[in-house]
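Undergrad: This is the content of model.txt (compact mmCIF, C-alpha atoms):
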```txt
# COMPACT_ATOMS: atom_id res chain seq x y z
CA MET X 157 -208.44 -19.16 -77.80
CA SER X 158 -204.90 -20.39 -77.74
CA GLY X 159 -204.18 -23.74 -79.23
CA SER X 160 -207.52 -24.02 -80.93
CA ASP X 161 -206.31 -23.20 -84.39
CA GLN X 162 -203.79 -25.92 -84.71
CA GLY X 163 -205.61 -29.03 -85.73
CA ARG X 164 -208.85 -27.17 -86.25
CA GLY X 165 -209.73 -29.68 -88.91
CA SER X 166 -209.89 -32.52 -86.42
CA ASP X 167 -211.66 -30.39 -83.83
CA VAL X 168 -214.82 -29.64 -85.74
CA LEU X 169 -217.86 -31.84 -85.46
CA ASP X 170 -218.96 -34.26 -88.12
CA VAL X 171 -222.64 -34.69 -88.84
CA GLN X 172 -223.19 -37.47 -86.30
CA ASP X 173 -221.30 -35.62 -83.59
CA ARG X 174 -223.39 -32.59 -84.27
CA ALA X 175 -226.64 -34.51 -83.88
CA ARG X 176 -225.33 -35.96 -80.62
CA PHE X 177 -224.24 -32.53 -79.47
CA GLU X 178 -227.67 -31.11 -80.21
CA GLN X 179 -229.32 -33.92 -78.33
CA LEU X 180 -227.04 -34.04 -75.28
CA VAL X 181 -225.50 -30.63 -74.80
CA LEU X 182 -227.71 -28.01 -76.41
CA PRO X 183 -230.66 -28.64 -74.06
CA HIS X 184 -228.46 -27.32 -71.24
CA LEU X 185 -227.95 -23.91 -72.82
CA ASP X 186 -230.22 -22.31 -70.21
CA ALA X 187 -228.14 -23.81 -67.42
CA ALA X 188 -224.98 -22.57 -69.13
CA PHE X 189 -226.30 -19.04 -69.44
CA ASN X 190 -227.69 -18.98 -65.92
CA LEU X 191 -224.37 -20.02 -64.39
CA ALA X 192 -222.47 -17.46 -66.47
CA ARG X 193 -224.95 -14.74 -65.57
CA TRP X 194 -224.50 -15.35 -61.85
CA LEU X 195 -220.74 -15.67 -62.07
CA LEU X 196 -220.31 -12.51 -64.14
CA ARG X 197 -223.32 -10.59 -62.78
CA ASN X 198 -224.07 -9.06 -66.12
CA ARG X 199 -226.22 -10.31 -68.97
CA ALA X 200 -224.28 -8.92 -71.93
CA ASP X 201 -220.93 -10.35 -70.80
CA SER X 202 -222.63 -13.61 -69.90
CA GLU X 203 -224.06 -13.96 -73.35
CA ASP X 204 -220.60 -13.60 -74.90
CA VAL X 205 -218.97 -15.93 -72.41
CA ALA X 206 -221.70 -18.55 -72.69
CA GLN X 207 -221.34 -18.46 -76.47
CA GLU X 208 -217.59 -18.89 -76.13
CA ALA X 209 -218.14 -21.79 -73.73
CA MET X 210 -220.51 -23.50 -76.16
CA LEU X 211 -217.85 -23.18 -78.86
CA ARG X 212 -215.31 -24.76 -76.56
CA ALA X 213 -217.78 -27.51 -75.76
CA CYS X 214 -218.09 -28.16 -79.51
CA ARG X 215 -214.34 -28.48 -79.81
CA PHE X 216 -213.98 -30.72 -76.80
CA PHE X 217 -217.04 -32.78 -77.61
CA ARG X 218 -215.06 -35.68 -79.02
CA GLY X 219 -213.48 -36.05 -75.59
CA PHE X 220 -216.88 -36.41 -73.95
CA HIS X 221 -217.63 -40.08 -73.58
CA GLY X 222 -221.12 -40.05 -72.19
CA GLY X 223 -222.13 -39.44 -68.61
CA ASP X 224 -223.56 -36.26 -67.18
CA ALA X 225 -223.65 -33.83 -70.11
CA ARG X 226 -224.93 -30.95 -68.00
CA ALA X 227 -222.09 -31.25 -65.47
CA TRP X 228 -219.62 -31.57 -68.33
CA LEU X 229 -220.93 -28.43 -70.02
CA LEU X 230 -221.15 -26.44 -66.79
CA GLN X 231 -217.55 -27.29 -66.01
CA ILE X 232 -216.55 -25.72 -69.31
CA VAL X 233 -218.79 -22.71 -68.70
CA ARG X 234 -217.30 -22.21 -65.26
CA ASN X 235 -213.74 -22.40 -66.56
CA THR X 236 -214.55 -19.97 -69.35
CA CYS X 237 -216.08 -17.58 -66.81
CA TYR X 238 -213.05 -17.73 -64.55
CA THR X 239 -210.69 -17.13 -67.45
CA TRP X 240 -212.78 -14.12 -68.36
CA LEU X 241 -212.83 -12.85 -64.77
CA GLU X 242 -209.07 -13.26 -64.41
CA LYS X 243 -208.59 -11.15 -67.48
CA ASN X 244 -211.27 -8.54 -66.92
CA ARG X 245 -211.97 -8.36 -63.19
CA PRO X 246 -209.07 -10.03 -61.36
CA VAL X 247 -209.97 -8.28 -58.10
CA GLU X 248 -213.14 -10.31 -57.77
CA LEU X 249 -211.21 -13.55 -57.62
CA MET X 250 -208.99 -12.43 -54.79
CA SER X 251 -211.49 -12.95 -52.01
CA GLU X 252 -210.73 -15.69 -49.54
CA PHE X 253 -212.68 -18.86 -49.97
CA ASP X 254 -211.48 -20.82 -46.99
CA GLU X 255 -213.08 -18.54 -44.55
CA GLU X 256 -213.90 -20.00 -41.15
CA LEU X 257 -217.48 -20.58 -40.20
CA HIS X 258 -218.38 -17.78 -37.85
CA GLN X 259 -220.41 -18.17 -34.78
CA GLN X 260 -223.19 -15.87 -35.67
CA PRO X 261 -226.44 -15.29 -33.86
CA SER X 262 -229.20 -17.35 -35.38
CA VAL X 263 -231.60 -15.46 -37.55
CA SER X 264 -235.17 -16.56 -37.11
CA PRO X 265 -236.81 -18.23 -40.09
CA GLU X 266 -239.51 -15.53 -40.06
CA THR X 267 -237.05 -12.64 -40.30
CA LEU X 268 -235.22 -14.39 -43.08
CA ALA X 269 -238.42 -15.14 -44.95
CA ILE X 270 -239.33 -11.45 -45.00
CA ALA X 271 -235.88 -10.41 -46.23
CA GLY X 272 -235.79 -13.22 -48.78
CA ASP X 273 -239.13 -12.21 -50.22
CA ASN X 274 -237.62 -9.09 -51.69
CA ARG X 275 -236.32 -10.09 -55.07
CA GLU X 276 -233.94 -7.14 -55.50
CA ARG X 277 -232.54 -7.60 -52.05
CA LEU X 278 -231.95 -11.29 -52.69
CA THR X 279 -230.25 -10.54 -56.02
CA ARG X 280 -228.06 -7.94 -54.39
CA ALA X 281 -227.15 -10.27 -51.52
CA LEU X 282 -226.20 -13.08 -53.91
CA GLU X 283 -224.14 -10.71 -56.03
CA THR X 284 -222.13 -9.45 -53.07
CA LEU X 285 -220.86 -12.97 -52.34
CA PRO X 286 -217.45 -13.94 -53.69
CA PRO X 287 -217.79 -15.99 -56.91
CA ARG X 288 -216.79 -19.24 -55.25
CA PHE X 289 -219.62 -18.97 -52.77
CA ARG X 290 -222.03 -17.75 -55.37
CA GLU X 291 -221.40 -20.63 -57.73
CA VAL X 292 -222.09 -23.41 -55.22
CA LEU X 293 -225.36 -21.73 -54.28
CA VAL X 294 -226.41 -21.26 -57.89
CA LEU X 295 -225.57 -24.85 -58.73
CA ARG X 296 -227.35 -26.22 -55.71
CA GLU X 297 -230.42 -23.99 -55.46
CA PHE X 298 -231.09 -22.93 -59.04
CA GLU X 299 -229.72 -25.90 -60.90
CA GLY X 300 -230.50 -28.61 -58.32
CA CYS X 301 -227.07 -30.21 -58.70
CA SER X 302 -226.02 -33.02 -56.39
CA TYR X 303 -222.87 -32.69 -54.29
CA LYS X 304 -221.13 -35.01 -56.71
CA GLU X 305 -222.05 -32.79 -59.66
CA ILE X 306 -221.03 -29.66 -57.79
CA ALA X 307 -217.68 -31.24 -57.00
CA SER X 308 -217.03 -32.13 -60.61
CA ILE X 309 -218.14 -28.74 -61.94
CA THR X 310 -216.25 -26.59 -59.45
CA ALA X 311 -213.22 -28.85 -59.04
CA ILE X 312 -213.49 -28.88 -55.26
CA PRO X 313 -213.15 -32.23 -53.47
CA ILE X 314 -216.50 -33.90 -52.89
CA GLY X 315 -215.82 -34.06 -49.17
CA THR X 316 -215.76 -30.28 -48.96
CA VAL X 317 -218.92 -29.46 -50.93
CA MET X 318 -221.03 -29.62 -47.80
CA SER X 319 -218.86 -27.18 -45.86
CA ALA X 320 -218.58 -24.91 -48.88
CA LEU X 321 -222.36 -24.75 -49.03
CA ALA X 322 -222.53 -24.18 -45.27
CA ARG X 323 -220.18 -21.21 -45.59
CA ALA X 324 -221.92 -19.87 -48.67
CA ARG X 325 -225.34 -20.01 -47.03
CA GLN X 326 -224.02 -18.34 -43.93
CA ARG X 327 -222.57 -15.54 -46.04
CA LEU X 328 -225.82 -15.19 -47.94
CA GLN X 329 -227.84 -14.90 -44.73
CA ARG X 330 -225.49 -12.26 -43.48
CA ALA X 331 -225.56 -10.33 -46.75
CA LEU X 332 -229.32 -10.56 -46.85
CA MET X 333 -229.74 -9.19 -43.32
CA HIS X 334 -227.27 -6.39 -43.97
CA ALA X 335 -228.39 -5.30 -47.42
CA SER X 336 -230.86 -2.51 -46.95
CA PRO X 337 -233.62 -2.34 -49.54
CA GLN X 338 -232.33 1.02 -50.87
CA GLU X 339 -228.92 -0.43 -51.46
CA ALA X 340 -230.54 -3.35 -53.18
CA SER X 341 -232.43 -1.34 -55.75
CA ARG X 342 -229.41 0.82 -56.48
CA GLY X 343 -227.43 -2.26 -57.35
CA LEU X 344 -229.60 -2.98 -60.34
CA MET K 99 -222.27 -34.31 -31.71
CA GLY K 100 -220.82 -30.85 -31.17
CA CYS K 101 -222.85 -28.04 -32.61
CA ASP K 102 -220.04 -26.84 -34.87
CA SER K 103 -219.98 -30.01 -36.86
CA THR K 104 -223.73 -30.10 -36.74
CA ARG K 105 -223.83 -26.75 -38.44
CA THR K 106 -222.13 -28.37 -41.41
CA VAL K 107 -224.01 -31.67 -41.27
CA LEU K 108 -227.21 -29.66 -41.21
CA HIS K 109 -226.54 -28.73 -44.83
CA GLY K 110 -226.03 -32.31 -45.88
CA TYR K 111 -229.33 -33.06 -44.20
CA LEU K 112 -231.07 -30.12 -45.87
CA ASP K 113 -229.75 -31.21 -49.27
CA GLY K 114 -230.66 -34.87 -48.78
CA GLU K 115 -227.02 -35.90 -49.11
CA LEU K 116 -226.54 -37.75 -45.82
CA ASP K 117 -226.66 -41.50 -45.70
CA ALA K 118 -229.52 -43.00 -43.70
CA MET K 119 -227.47 -43.49 -40.56
CA ARG K 120 -226.13 -39.95 -40.39
CA ALA K 121 -229.54 -38.53 -41.25
CA ALA K 122 -231.15 -40.46 -38.37
CA GLU K 123 -228.39 -39.34 -36.06
CA PHE K 124 -228.97 -35.73 -37.04
CA GLU K 125 -232.72 -36.05 -36.55
CA ARG K 126 -232.11 -37.29 -33.01
CA HIS K 127 -229.87 -34.31 -32.46
CA LEU K 128 -232.53 -31.93 -33.77
CA GLU K 129 -234.93 -33.07 -31.08
CA ILE K 130 -232.64 -31.88 -28.34
CA CYS K 131 -230.86 -28.92 -29.97
CA ARG K 132 -233.09 -25.90 -30.32
CA GLU K 133 -230.37 -23.89 -32.01
CA CYS K 134 -230.03 -26.41 -34.82
CA ALA K 135 -233.78 -26.65 -35.22
CA ILE K 136 -233.99 -22.88 -35.70
CA ALA K 137 -230.99 -22.89 -38.03
CA LEU K 138 -232.61 -25.59 -40.14
CA GLY K 139 -235.82 -23.58 -40.31
CA ALA K 140 -233.83 -20.56 -41.43
CA GLU K 141 -232.06 -22.52 -44.15
CA GLU K 142 -235.33 -23.95 -45.39
CA SER K 143 -236.82 -20.49 -45.54
CA LEU K 144 -233.81 -19.19 -47.46
CA ARG K 145 -234.02 -22.06 -49.89
CA SER K 146 -237.67 -21.49 -50.60
CA SER K 147 -236.99 -17.76 -51.11
CA LEU K 148 -234.30 -18.60 -53.65
CA GLN K 149 -236.47 -21.05 -55.45
CA ARG K 150 -239.53 -18.83 -55.53
CA SER K 151 -237.54 -15.77 -56.52
CA GLY K 152 -237.57 -16.44 -60.25
CA LEU K 153 -233.92 -15.46 -60.34
CA TYR K 154 -233.04 -18.29 -62.72
CA GLU K 155 -232.16 -16.69 -66.03
CA ASN K 156 -232.88 -18.58 -69.20
CA ALA K 157 -230.68 -18.14 -72.24
CA PRO K 158 -231.87 -15.23 -74.40
CA VAL K 159 -233.10 -16.02 -77.90
CA SER K 160 -230.19 -14.06 -79.38
CA LEU K 161 -227.71 -16.41 -77.68
CA ARG K 162 -229.61 -19.45 -78.88
CA LYS K 163 -229.38 -18.17 -82.44
CA LYS K 164 -225.68 -17.40 -82.19
CA VAL K 165 -224.92 -20.83 -80.78
CA ARG K 166 -226.89 -22.47 -83.58
CA ALA K 167 -224.95 -20.48 -86.14
CA ASP K 168 -221.64 -21.41 -84.51
CA LEU K 169 -222.67 -25.02 -84.50
CA GLY K 170 -223.43 -24.88 -88.19
CA ALA K 171 -220.02 -23.34 -88.87
CA ALA K 172 -218.26 -25.95 -86.76
CA THR K 173 -219.88 -28.85 -88.55
CA ALA K 174 -217.72 -30.33 -91.26
CA SER K 175 -219.23 -31.74 -94.37
CA PRO K 176 -217.71 -35.22 -94.61
CA VAL K 177 -215.75 -34.55 -97.80
CA ALA K 178 -214.62 -31.06 -96.96
CA LEU K 179 -211.47 -31.82 -95.03
CA ARG K 180 -209.38 -33.21 -97.83
CA ILE K 181 -210.33 -30.71 -100.48
CA PRO K 182 -207.89 -27.93 -101.38
CA ALA K 183 -209.13 -24.46 -100.60
CA TRP K 184 -209.31 -23.33 -104.23
CA ARG K 185 -211.85 -26.01 -104.99
CA TRP K 186 -214.35 -24.72 -102.46
CA LEU K 187 -216.13 -22.61 -105.00
CA ALA K 188 -216.58 -25.50 -107.40
CA LEU K 189 -217.71 -27.70 -104.57
CA ALA K 190 -220.21 -25.12 -103.40
CA ALA K 191 -221.65 -24.83 -106.89
CA ALA K 192 -221.91 -28.59 -107.21
CA LEU K 193 -223.59 -28.89 -103.84
CA LEU K 194 -226.05 -26.20 -104.80
CA ILE K 195 -227.08 -28.13 -107.90
CA VAL K 196 -227.38 -31.38 -106.01
CA ALA K 197 -229.33 -29.69 -103.27
CA SER K 198 -231.79 -28.05 -105.63
CA VAL K 199 -232.34 -31.25 -107.57
CA SER K 200 -232.86 -33.32 -104.48
CA TRP K 201 -234.95 -30.82 -102.51
CA TYR K 202 -238.23 -32.44 -103.38
CA ALA K 203 -236.99 -35.88 -104.28
CA TRP K 204 -234.48 -37.11 -101.86
CA PRO K 205 -234.27 -35.94 -98.27
CA ARG K 206 -236.54 -38.12 -96.21
CA VAL K 207 -237.17 -36.98 -92.70
CA GLN K 208 -234.81 -39.60 -91.34
CA ASN K 209 -232.18 -41.85 -92.79
CA SER K 210 -233.42 -44.58 -95.06
CA ALA K 211 -233.58 -47.31 -92.42
CA SER K 212 -236.15 -45.47 -90.38
CA SER K 213 -237.48 -42.98 -92.90
CA ALA K 214 -240.79 -41.29 -92.47
CA PRO K 215 -243.24 -41.65 -95.36
CA PHE K 216 -242.84 -37.98 -96.26
CA THR K 217 -240.01 -35.65 -97.10
CA ALA K 218 -238.65 -32.82 -95.04
CA ALA K 219 -239.88 -30.36 -97.65
CA GLU K 220 -243.43 -31.73 -97.45
CA LEU K 221 -243.30 -31.54 -93.69
CA ILE K 222 -242.16 -27.92 -93.62
CA ASP K 223 -244.68 -27.01 -96.34
CA ALA K 224 -247.49 -28.50 -94.28
CA HIS K 225 -246.34 -26.63 -91.20
CA VAL K 226 -246.01 -23.30 -93.01
CA ARG K 227 -249.37 -23.76 -94.74
CA SER K 228 -251.03 -24.34 -91.38
CA LEU K 229 -249.77 -20.96 -90.17
CA GLN K 230 -251.62 -19.07 -92.89
CA PRO K 231 -254.76 -17.35 -91.64
CA GLY K 232 -257.63 -19.75 -91.07
CA HIS K 233 -255.66 -22.89 -91.78
CA LEU K 234 -254.42 -23.86 -88.35
CA THR K 235 -257.35 -25.72 -86.86
CA ASP K 236 -260.59 -27.28 -88.03
CA VAL K 237 -261.68 -27.94 -84.48
CA VAL K 238 -260.70 -25.44 -81.81
CA SER K 239 -260.57 -26.92 -78.35
CA SER K 240 -258.18 -27.47 -75.53
CA ASP K 241 -260.21 -30.44 -74.39
CA GLN K 242 -258.77 -33.75 -75.50
CA HIS K 243 -262.21 -35.35 -75.15
CA THR K 244 -263.58 -32.94 -77.73
CA VAL K 245 -260.67 -33.16 -80.12
CA LYS K 246 -260.31 -36.93 -80.20
CA PRO K 247 -263.90 -37.81 -81.17
CA TRP K 248 -263.79 -35.06 -83.79
CA PHE K 249 -261.56 -37.33 -85.87
CA ASN K 250 -264.18 -40.10 -85.90
CA GLY K 251 -265.30 -40.79 -89.41
CA LYS K 252 -262.74 -38.43 -90.86
CA LEU K 253 -259.72 -40.71 -90.64
CA ALA K 254 -259.28 -44.48 -90.81
CA PHE K 255 -257.42 -44.42 -87.51
CA VAL K 256 -257.77 -42.81 -84.11
CA PRO K 257 -254.83 -40.61 -83.14
CA PRO K 258 -253.99 -40.37 -79.44
CA VAL K 259 -254.84 -36.88 -78.21
CA LYS K 260 -253.36 -35.46 -75.04
CA ASP K 261 -253.23 -32.00 -73.58
CA PHE K 262 -250.05 -30.92 -71.78
CA ALA K 263 -251.13 -27.46 -70.64
CA ASP K 264 -249.63 -28.09 -67.20
CA GLU K 265 -246.27 -28.79 -68.78
CA GLY K 266 -246.46 -25.66 -70.91
CA PHE K 267 -247.76 -27.23 -74.12
CA ALA K 268 -251.42 -26.29 -74.38
CA LEU K 269 -253.54 -28.17 -76.88
CA MET K 270 -255.19 -25.63 -79.19
CA GLY K 271 -257.09 -27.90 -81.51
CA ALA K 272 -256.68 -30.11 -84.52
CA ARG K 273 -257.23 -30.38 -88.26
CA LEU K 274 -256.98 -32.85 -91.09
CA ASP K 275 -253.93 -32.53 -93.27
CA VAL K 276 -252.23 -34.34 -96.12
CA LEU K 277 -248.62 -35.38 -95.83
CA GLY K 278 -246.73 -37.52 -98.30
CA GLY K 279 -250.01 -38.18 -100.12
CA GLN K 280 -251.72 -39.55 -97.01
CA ASN K 281 -254.44 -38.18 -94.81
CA VAL K 282 -252.98 -37.43 -91.43
CA ALA K 283 -254.13 -35.98 -88.14
CA ALA K 284 -252.52 -32.69 -87.18
CA LEU K 285 -252.70 -31.73 -83.52
CA VAL K 286 -251.82 -28.15 -82.69
CA TYR K 287 -250.01 -27.16 -79.51
CA ALA K 288 -249.02 -23.73 -78.28
CA ARG K 289 -245.65 -23.16 -76.66
CA ARG K 290 -245.50 -19.59 -75.39
CA LYS K 291 -246.36 -17.73 -78.59
CA HIS K 292 -245.19 -20.45 -80.93
CA VAL K 293 -247.21 -23.05 -82.75
CA ILE K 294 -246.21 -26.70 -82.77
CA ASN K 295 -247.79 -29.03 -85.30
CA LEU K 296 -247.86 -32.67 -84.35
CA PHE K 297 -248.56 -34.88 -87.34
CA VAL K 298 -249.85 -38.37 -86.57
CA LEU K 299 -250.42 -41.21 -89.00
CA PRO K 300 -250.58 -44.99 -88.72
CA THR K 301 -247.61 -47.20 -89.56
CA GLN K 302 -246.75 -50.88 -89.74
CA LYS K 303 -243.12 -50.31 -88.87
CA PRO K 304 -241.54 -51.03 -85.49
CA ASP K 305 -241.11 -48.45 -82.72
CA THR K 306 -238.11 -46.13 -82.82
CA PRO K 307 -236.65 -43.81 -80.23
CA ILE K 308 -237.08 -40.07 -80.70
CA HIS K 309 -234.74 -39.29 -83.56
CA PRO K 310 -232.21 -36.46 -83.43
CA PRO K 311 -233.60 -33.13 -84.54
CA GLY K 312 -233.95 -32.13 -88.15
CA LEU K 313 -233.58 -28.54 -89.23
CA ARG K 314 -234.64 -26.73 -92.38
CA GLN K 315 -235.52 -23.12 -93.20
CA GLY K 316 -235.43 -22.26 -89.51
CA TYR K 317 -237.96 -24.94 -88.61
CA GLN K 318 -237.11 -27.96 -86.54
CA TRP K 319 -238.70 -31.30 -86.21
CA ARG K 320 -238.55 -34.44 -84.15
CA HIS K 321 -239.74 -37.74 -85.52
CA TRP K 322 -240.44 -41.09 -83.90
CA ARG K 323 -242.62 -44.15 -84.12
CA ARG K 324 -244.50 -45.67 -81.28
CA GLN K 325 -247.20 -48.31 -80.97
CA GLY K 326 -248.25 -48.31 -84.60
CA MET K 327 -248.23 -44.56 -85.01
CA GLU K 328 -245.80 -42.29 -86.75
CA TYR K 329 -245.25 -38.94 -85.05
CA CYS K 330 -243.58 -35.83 -86.28
CA ALA K 331 -243.55 -32.62 -84.25
CA VAL K 332 -242.49 -29.51 -86.14
CA SER K 333 -242.13 -25.91 -85.08
CA ASP K 334 -239.93 -22.84 -84.85
CA VAL K 335 -239.50 -23.32 -81.08
CA SER K 336 -236.13 -24.37 -79.73
CA ASP K 337 -235.19 -27.97 -80.07
CA SER K 338 -235.13 -28.41 -76.30
CA ASP K 339 -238.81 -27.42 -76.19
CA LEU K 340 -239.63 -29.72 -79.05
CA TYR K 341 -237.76 -32.55 -77.42
CA GLU K 342 -239.60 -31.96 -74.17
CA LEU K 343 -242.95 -32.30 -75.93
CA ALA K 344 -241.72 -35.39 -77.79
CA GLN K 345 -240.77 -36.98 -74.49
CA LEU K 346 -244.17 -36.18 -72.95
CA LEU K 347 -245.88 -37.77 -75.92
CA TYR K 348 -243.55 -40.72 -75.94
CA GLN K 349 -244.44 -41.72 -72.39
```
Kindly transcribe the structure held in the file into C-alpha cells.
TA:
Amino acid sequence: MSGSDQGRGSDVLDVQDRARFEQLVLPHLDAAFNLARWLLRNRADSEDVAQEAMLRACRFFRGFHGGDARAWLLQIVRNTCYTWLEKNRPVELMSEFDEELHQQPSVSPETLAIAGDNRERLTRALETLPPRFREVLVLREFEGCSYKEIASITAIPIGTVMSALARARQRLQRALMHASPQEASRGL
Amino acid sequence: MGCDSTRTVLHGYLDGELDAMRAAEFERHLEICRECAIALGAEESLRSSLQRSGLYENAPVSLRKKVRADLGAATASPVALRIPAWRWLALAAALLIVASVSWYAWPRVQNSASSAPFTAAELIDAHVRSLQPGHLTDVVSSDQHTVKPWFNGKLAFVPPVKDFADEGFALMGARLDVLGGQNVAALVYARRKHVINLFVLPTQKPDTPIHPPGLRQGYQWRHWRRQGMEYCAVSDVSDSDLYELAQLLYQ
C-alpha cells in the first residue's frame, strides 16, 4: 500500500497497543469478513481483502481514540473493498446510486415470504444489487448497525441513510421477485 | 402525510430510528393507509427472511490465523526500533537465552500488580494434560447441580458452576487439578469441537476486570478475579470466543 513504508517504524504496534487491538478490534473479524464477502461476492477475494484491511487497521490503530471499534474497522474494510473493486472490477462501481424511488405495485407479504425463504434466490437477489445498495442492507440486516453507524461506515450523510435503505429494500424486493429459482442456483 | 414520503419514513419506523413523535404520527397514518400497512408487512417479511437465511458469513479459520500472524509481525518489541539491523542476530540469540531461562521462572499470567498465583507455562501444561485421554473430567455432567456438589469435601472452597449451553458453551463436567502448587477446580466447557478449561481457585486479592488475552504455544487464556475467586479460562478457541465466555462468567 502506498505510503505505508515510510515511517513503518512508528506505524507498528507496541505491546500495549497490540493488547488493546486484540481486545477492541479483533472480536469484529467476523463482521469484517462478512462485509467484504458481500461487497466482493467471493470468499477467496474477501479473505485477502479482509486480511489487508486488518493490516491497515493495525497501522491506523494509533489514530483510533476509542468509540465504536466495529464501525471504525468496518469503515476501513469498506474502503479497502472499494479500492479493490476500483482496481479489479471497475464496472461494478458504475451503477447509479441516486436512483429515484419507483412507484411499484406492492408485493404482498405472503408472496415475498415464499420468495425470501429460498436461500439461493435470496443470495442471488442480494448479489445483483449494486454495491452501494448491498452494503447498507448488509450493515443493517446482518450486522444490526444503527443509522448513525451506517452513515459513518459508508460515508453517506446520516439524513440520507433512511432513503438509501428504502431504495435498497425496494431493489431487493424487485430482484427477489424477478430472480427465477433456476437463475438463482446457477449463480452459485 | 403524502404516501411518497411515507414510503421512506416507513423504513425509519421499521428500523426503530424515528423519534417518538414521528413514530406516533406514522402509526396514525398506518391505520388509514392500507398501502403502507401492506408495504410494512412486506418489509417485515423480507427482514425476517434475511435474518433467518443464515447468510451471515463468519471469518474462516484460515483468515483468523493469517491475521494473528500479521499482528505478531506488526508488534514491535520495545527495544527493537533503535537497534541497527546487523545486531538483530545477536539480539535474537540473547532473547532466546533469556526466554529459555525464564520460561518456568518468570512469566506470570499477568503483570506483577495483578499476577495470578501460577505461571503461563503451568497453565498451559495443565490445559494440555487435561486433553490427554481420560484426564479431562472426573465428573461428567452438563448439570450444574450435579457438578457443584461433586466438589464438596474435595476442595476447601465452593467454585461457582454455571452451564451456558444456550450461549454455545456447554458444560461438560469438572475435575480436580493442581495449578501453581494449589488444588484448584477445573470446569470443562465445550465450544463447538474445542475444549475450554476454566480454572477456579480462591483469592484474597481485590476484583479485576477481564485482563487482555495471553497467548502461548497456540493456546490463549483470559484471567480475572471476581468476588474472592481467581478465574482463568484457557483454550485453543479464538480469543473472541474466550472473551465471550469470560463475560458470561463475569456477570
Undergrad: Name all residues at most 7 Å from Tyr329 of chain K (count only C-alpha atoms; drop same-chain ones fewer than 2 positions away) and give them as a count of residues only.
TA: 9
Undergrad: Work out how far apart atom CA of Ala157 of chain K and atom CA of Phe189 of chain X are and give it in Å to one decimal.
TA: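 Result for atom CA of Ala157 of chain K versus atom CA of Phe189 of chain X: 5.3 Å, one decimal.
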Undergrad: Which one of X:Gln172, X:Ser202, X:Thr310, X:Asn190 sits closest to chain K if you count all atoms listed in the file?
TA: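 Checking each candidate against chain K, we get X:Asn190 as the closest.
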Undergrad: Just to confirm, what's the straight-line distance from atom CA of Trp240 of chain X to atom CA of Ala227 of chain X in Å (one decimal)?
TA: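 Between these atoms lies a distance of 19.7 Å.
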Undergrad: Would you list which chain K residues are within 7 Å of chain X using all atoms listed in the file, as a list in words?
TA: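 Result: Thr106, His109, Gly110, Ile136, Ala137, Gly139, Ala140, Ser143, Leu144, Arg145, Ser147, Leu148, Gln149, Ser151, Tyr154, Glu155, Asn156, Ala157, Leu161, Val165, Ala172, Thr173, Ala174, Ser175, Pro176, Leu179, Pro310 and Ser338 of chain K.
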Undergrad: Using atom CA of Arg330 of chain X and atom CA of Ala121 of chain K as the two end points, give the distance in Å to one decimal.
TA: 26.7 Å
Undergrad: Which residue gives the smallest distance to Leu229 of chain K among K:Leu189, K:Met119, K:Val159, K:Val286, with all atoms listed in the file counted?
TA: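 Closest candidate: K:Val286.
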Undergrad: Give me the residues near segment 344-349 of chain K as a list in words, where near means some atom within 8 Å (using only C-alpha atoms) and where sequence neighbours in that chain fewer than 5 positions away do not count.
TA: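 Final neighbour list, sorted by chain and number: Lys260, Phe262, Ile308, Arg320, Arg324 and Ala331 of chain K.
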Undergrad: Using all atoms listed in the file and a cutoff of 6 Å, can you tell me which residues are near (-264.9, -32.2, -84.1) in the file's coordinates, and write them out as a list in words?
TA: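 The residues that fall inside the cut-off are Val237, Val245 and Trp248 of chain K.
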Undergrad: Can you pull out the residues contacting Lys252 of chain K? Cut-off 10 Å, using only C-alpha atoms, and skip same-chain residues under 6 positions away; I want them as an MDAnalysis selection string.
TA: chainID K and resid 274 281:283
Undergrad: Restricting the output to C-alpha atoms, write the selected residues as a PDB file, in the coordinates of the input.
TA:
```
ATOM      1  CA  LEU K 274    -256.980 -32.850 -91.090  1.00  0.00           C
ATOM      2  CA  ASN K 281    -254.440 -38.180 -94.810  1.00  0.00           C
ATOM      3  CA  VAL K 282    -252.980 -37.430 -91.430  1.00  0.00           C
ATOM      4  CA  ALA K 283    -254.130 -35.980 -88.140  1.00  0.00           C
TER       5      ALA K 283
END
```
Undergrad: Within 12 Å of (-245.9, -24.3, -91.1) (coordinates as in the file), grab all the protein and nucleic acid residues, counting all atoms listed in the file, and write them out as a PyMOL selection string.
TA: chain K and resi 218-231+233-234+275+284+286+292-297+314-319+331-335
Undergrad: Of the candidates K:Leu128, K:Leu194, K:Val107, K:Ala272, which one gets nearest to Leu285 of chain K if we count only C-alpha atoms?
TA: K:Ala272
Undergrad: Between X:Met250, X:His334, X:Asn198, X:Phe216, which one has atoms that come closest to Cys237 of chain X, using all atoms listed in the file?
TA: X:Asn198
Undergrad: Using all atoms listed in the file for the distances, tell me which of K:Ala288, K:Leu153, K:Ala190, K:Leu112 is nearest to Asp264 of chain K.
TA: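 Using all atoms listed in the file, Asp264 of chain K sits closest to K:Ala288.
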Undergrad: Please rebuild segment 322-327 of chain X with N, CA and C atoms and return the result as a short mmCIF file (atom, residue, chain, number, x, y, z; two decimals), in the coordinates of the input.
TA:
```cif
data_model
loop_
_atom_site.label_atom_id
_atom_site.label_comp_id
_atom_site.auth_asym_id
_atom_site.auth_seq_id
_atom_site.Cartn_x
_atom_site.Cartn_y
_atom_site.Cartn_z
N ALA X 322 -222.24 -24.73 -46.60
CA ALA X 322 -222.53 -24.18 -45.27
C ALA X 322 -222.00 -22.75 -45.18
N ARG X 323 -220.76 -22.55 -45.64
CA ARG X 323 -220.18 -21.21 -45.59
C ARG X 323 -220.92 -20.25 -46.52
N ALA X 324 -221.24 -20.74 -47.70
CA ALA X 324 -221.92 -19.87 -48.67
C ALA X 324 -223.29 -19.43 -48.14
N ARG X 325 -224.01 -20.36 -47.54
CA ARG X 325 -225.34 -20.01 -47.03
C ARG X 325 -225.24 -19.04 -45.85
N GLN X 326 -224.20 -19.25 -45.06
CA GLN X 326 -224.02 -18.34 -43.93
C GLN X 326 -223.74 -16.92 -44.44
N ARG X 327 -222.88 -16.84 -45.46
CA ARG X 327 -222.57 -15.54 -46.04
C ARG X 327 -223.80 -14.90 -46.65
#
```
